[in-house]
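Have a look at the structure below before the remarks.
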Amino acid sequence: MITTSVCIIGAGPGGATAALQLDRLGISCVVVDKAVFPRDKVCGDGLSGKVITALEKIDPAVAGRLRLLVEKENSWGVTFVSPGRQSMDVPYKPNYNKQEDAPLGFVCKRIHFDNFMVDELKRSLNVRLYEGVSIDKYTEEADGYILTSNTGDFAVKAQLVIVANGAHSSFTRDVAGIRMEPKYYAAGIRAYYKGVTGMHADSFIELHFLKDLLPGYLWIFPLPNGEANVGMDMLSDAVRDRKVNLKTLLTDTLKNDPIFAERFKQAEMVSSLDGYGLPLGSKKRRLSGSRYMLVGDAAFIIDPFTGEGIGNALYCGAIAGKQAAACLSAKDFSAETLLAYDEDVYRVLGPELRLSYKLQQLVKYPRLFNWLMKMGMRNKQLRDVISSMFYEVDLRKKLTRPSFYFKLLLNR
Ligand SMILES: Cc1cc2nc3c(=O)[nH]c(=O)nc-3n(C[C@H](O)[C@H](O)[C@H](O)COP(=O)(O)OP(=O)(O)OC[C@H]3O[C@@H](n4cnc5c(N)ncnc54)[C@H](O)[C@@H]3O)c2cc1C
């Protein structure tokens with residue numbers, strides 16, 4: 001039996017970040033992942049500015065190495081397309097200069113990004129990484145958790161467990177008691193394409209808010225070598241109630257919609273079309289308990305409007321690493337003490353999650369969405385706020401204030 005003070009289940013973005021944070025605080029940990037890296041993960045592959053910001057805080061050298069990673073595409077903005085098919089380009093930074101400004105957004109296949117993070121773990125002296133081991137049994141004892149593999153030939157004893165094993169975490173369901181609720185959960189699918197035409201010259205990511213998907217959207221995210229990540233997501237209750245087959249809906253839309261049909265005329269799907277769940281942070285949940293903390297998708301913390309989960313997983317991971325250090329120094333792993341983790345996560349991400357949930361409710365109405373888009377095309381202030389939705393949380397707050405809409409009407 002391996003013994004450690006902290007065991008992290010899952011070496012995805014959330015778990016890897018928790019391990020990096022612990023390493024940089026001089027605390028050793030064990031990380032166990034059922035996959036052997038490099039491994040794929042179904043995702044849109046969009047990395048927001050939060051990713052670099054979080055890594056910068058843990059270790060600027062890691063952020064620097066990510067900036068140099070060649071497998072990613074630098075993205076300079078977002079193209080929003082309304083249900084009425086009006087389109088609006090919003091750069092992440094007004095009047096950006098590609099030669100002088102550092103890009104704020106990236107698109108990077110998860111097989112590369114997650115492997116980049118795991119490589120960082122491999123060079124961290126305080127991290128022991130075990131790949132190809134699935135942890136499926138959790139037994140709490142008086143002095144720690146015993147975590148065992150499904151085959152029974154691998155066991156770790158840890159004083160504290162950081163649970164970062166993704167959207168299908170059995171720990172989250174069975175120990176933390178958090179269940180999938182279709183109105184607070186989304187289904188997503190994606191495939192890689194080559195040869196899609198009409199991409200933005202500065203690799204803007206595209207969000208097409210099609211009427212039938214609201215508040216979800218169809219995305220086209222540009223990748224290096226002329227590839228694109230193409231997918232769609234939809235709330236799980238809508239998928240169930242409308243009996244939608246997302247895979248058929250995506251391929252039919254690309255074939256039959258006149259705009260997409262033209263752009264995908266020469267395009268070829270170069271991967272399988274795969275799906276996965278998005279546990280949304282639409283409501284507050286208890287994220288810790290005696291001797292454990294939930295991180296990333298295992299904590300149901302994906303942004304309910306943008307679908308962004310990687311940045312949030314990194315933020316949770318960093319907070320969990322710091323909280324683990326505090327618990328170890330106080331020798332206190334009680335549920336009451338670990339409440340500080342929940343408080344920190346919701347202090348940092350809570351306002352943003354609440355606003356995103358309100359926005360998700362707002363964009364369910366195609367007419368309101370179309371109206372906002374028309375205004376945005378005429379009004380720079382609104383364009384700036386929409387642009388900020390993905391990158392600056394404070395400005396996003398403006399969208400939920402009634403006074404903001406009055407001002408827009410008066411300035412029309
Ligand atoms: C279709 C789709 C599109 C998305 N697009 C975006 C996007 O563009 N941008 C964005 O920011 N987010 C996006 N997301 C969300 C994003 O993918 C997740 O939020 C992110 O992967 C969460 O990271 P994580 O580390 O919490 O979990 P994961 O990335 O799922 O990592 C969990 C790790 O745990 C391991 N594991 C699982 N079970 C066990 C076990 N029993 N024992 C040991 N190890 C285990 C897995 O092998 C995996 O490596 C998308 C999600 C979907 C489904």
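Simple scheme: letters A, B, ... for chains in structure tokens order, numbers from 1 for residues in each chain, numbers from 1 for ligands in the order shown.
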
Practice task
For region 268-281 of chain A, please output as a count of residues only all residues within 6 Å (counting only C-alpha atoms; exclusion window: fewer than 4 positions along the same chain).
Solution key: 16

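Within 7 Å of region 72-81 of chain A there are Leu69, Val70, Pro83, Arg85, Gln86, Ser87, Met88, Asp89, Val90, Pro91, Tyr92, Pro103, Leu104, Gly105, Phe106, Val107, Cys108, Asp202, Ser203, Phe204, Ile205, Glu206, Leu207, His208, Phe209, Leu223 and Pro224 of chain A, counting only C-alpha atoms and ignoring same-chain residues fewer than 2 positions away.
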
Handout entry: Test item: residues no farther than 7 Å from ligand 1, counting only C-alpha atoms and all ligand atoms, as an MDAnalysis selection string
Key = chainID A and resid 9:15 32:35 41:48 133:136 164:169 187:190 231:233 275:278 295:298 302 307:311 313

Put those residues in a file: C-alpha atoms, as a CSV table (one decimal), in the first residue's frame.
```csv
chain,number,residue,atom,x,y,z
A,9,ILE,CA,-7.7,11.1,-8.4
A,10,GLY,CA,-7.5,12.2,-12.0
A,11,ALA,CA,-4.7,13.9,-13.9
A,12,GLY,CA,-6.9,16.0,-16.2
A,13,PRO,CA,-6.7,19.8,-16.0
A,14,GLY,CA,-8.2,20.0,-12.5
A,15,GLY,CA,-6.2,17.3,-10.9
A,32,VAL,CA,-3.6,8.4,-10.1
A,33,ASP,CA,-5.3,8.4,-13.5
A,34,LYS,CA,-7.0,5.5,-15.2
A,35,ALA,CA,-5.7,6.6,-18.6
A,41,LYS,CA,-11.0,14.0,-23.9
A,42,VAL,CA,-14.2,15.0,-25.8
A,43,CYS,CA,-14.1,18.8,-25.6
A,44,GLY,CA,-14.4,22.0,-27.7
A,45,ASP,CA,-10.7,22.5,-27.0
A,46,GLY,CA,-11.2,26.3,-26.3
A,47,LEU,CA,-8.8,27.7,-23.7
A,48,SER,CA,-9.9,31.0,-22.3
A,133,VAL,CA,-4.9,2.7,-12.7
A,134,SER,CA,-8.7,3.3,-12.1
A,135,ILE,CA,-9.6,4.1,-8.5
A,136,ASP,CA,-13.1,2.7,-7.9
A,164,ALA,CA,-10.7,15.3,-10.0
A,165,ASN,CA,-11.9,12.4,-12.0
A,166,GLY,CA,-14.3,14.2,-14.3
A,167,ALA,CA,-18.0,14.4,-15.1
A,168,HIS,CA,-18.7,10.7,-14.4
A,169,SER,CA,-17.1,10.6,-11.0
A,187,ALA,CA,-24.9,17.0,-23.5
A,188,GLY,CA,-22.1,17.9,-26.0
A,189,ILE,CA,-20.6,16.3,-29.1
A,190,ARG,CA,-17.7,17.1,-31.3
A,231,GLY,CA,-19.6,20.5,-32.2
A,232,MET,CA,-22.8,21.4,-30.5
A,233,ASP,CA,-24.2,21.3,-27.0
A,275,GLY,CA,-20.2,12.9,-27.0
A,276,TYR,CA,-19.7,13.6,-23.3
A,277,GLY,CA,-21.6,15.3,-20.4
A,278,LEU,CA,-21.1,18.8,-19.1
A,295,VAL,CA,-12.4,19.7,-8.3
A,296,GLY,CA,-13.4,20.6,-11.9
A,297,ASP,CA,-16.1,18.5,-13.5
A,298,ALA,CA,-16.3,16.2,-10.5
A,302,ILE,CA,-18.8,24.2,-15.8
A,307,GLY,CA,-19.6,25.8,-21.4
A,308,GLU,CA,-16.1,26.7,-20.2
A,309,GLY,CA,-14.9,24.1,-17.8
A,310,ILE,CA,-11.1,23.9,-18.2
A,311,GLY,CA,-10.4,27.4,-16.7
A,313,ALA,CA,-11.1,23.3,-13.2
```

Fill in the blank from the handout: Counting only C-alpha atoms, the residue among A:Gln21, A:Thr4, A:Gln266, A:Asn312 that lies closest to Leu121 (chain A) is A:Gln21

Please, which residues in region 175-293 of chain A fall within 6 Å of region 353-376 of chain A when counting only C-alpha atoms, and what is the closest atom pair and distance in Å to one decimal for each, ordered by chain then residue number, as CSV?
```
residue,atom,partner,partner_atom,distance
A:Leu214,CA,A:Lys364,CA,5.2
A:Pro215,CA,A:Lys364,CA,5.0
A:Ser282,CA,A:Tyr357,CA,5.6
```

Mind writing the picked residues with N, CA and C atoms as an mmCIF file, in the first residue's frame?
```cif
data_model
loop_
_atom_site.group_PDB
_atom_site.id
_atom_site.type_symbol
_atom_site.label_atom_id
_atom_site.label_comp_id
_atom_site.auth_asym_id
_atom_site.auth_seq_id
_atom_site.Cartn_x
_atom_site.Cartn_y
_atom_site.Cartn_z
ATOM 1 N N LEU A 214 -30.924 26.623 -28.482
ATOM 2 C CA LEU A 214 -30.848 27.593 -27.390
ATOM 3 C C LEU A 214 -31.198 26.972 -26.040
ATOM 4 N N PRO A 215 -30.466 27.265 -24.970
ATOM 5 C CA PRO A 215 -29.357 28.221 -24.904
ATOM 6 C C PRO A 215 -28.006 27.627 -25.309
ATOM 7 N N SER A 282 -24.767 25.504 -12.353
ATOM 8 C CA SER A 282 -25.948 26.378 -12.346
ATOM 9 C C SER A 282 -26.462 26.629 -10.942
#
```

Exercise for the section: List every residue of region 98-318 of chain A that DSSP, applied to the backbone of this structure, places in alpha helix (DSSP H), and write the result as a VMD selection string. Expected result: chain A and resid 110 to 122 170 to 174 236 to 241 246 to 256 258 to 263 310 to 318
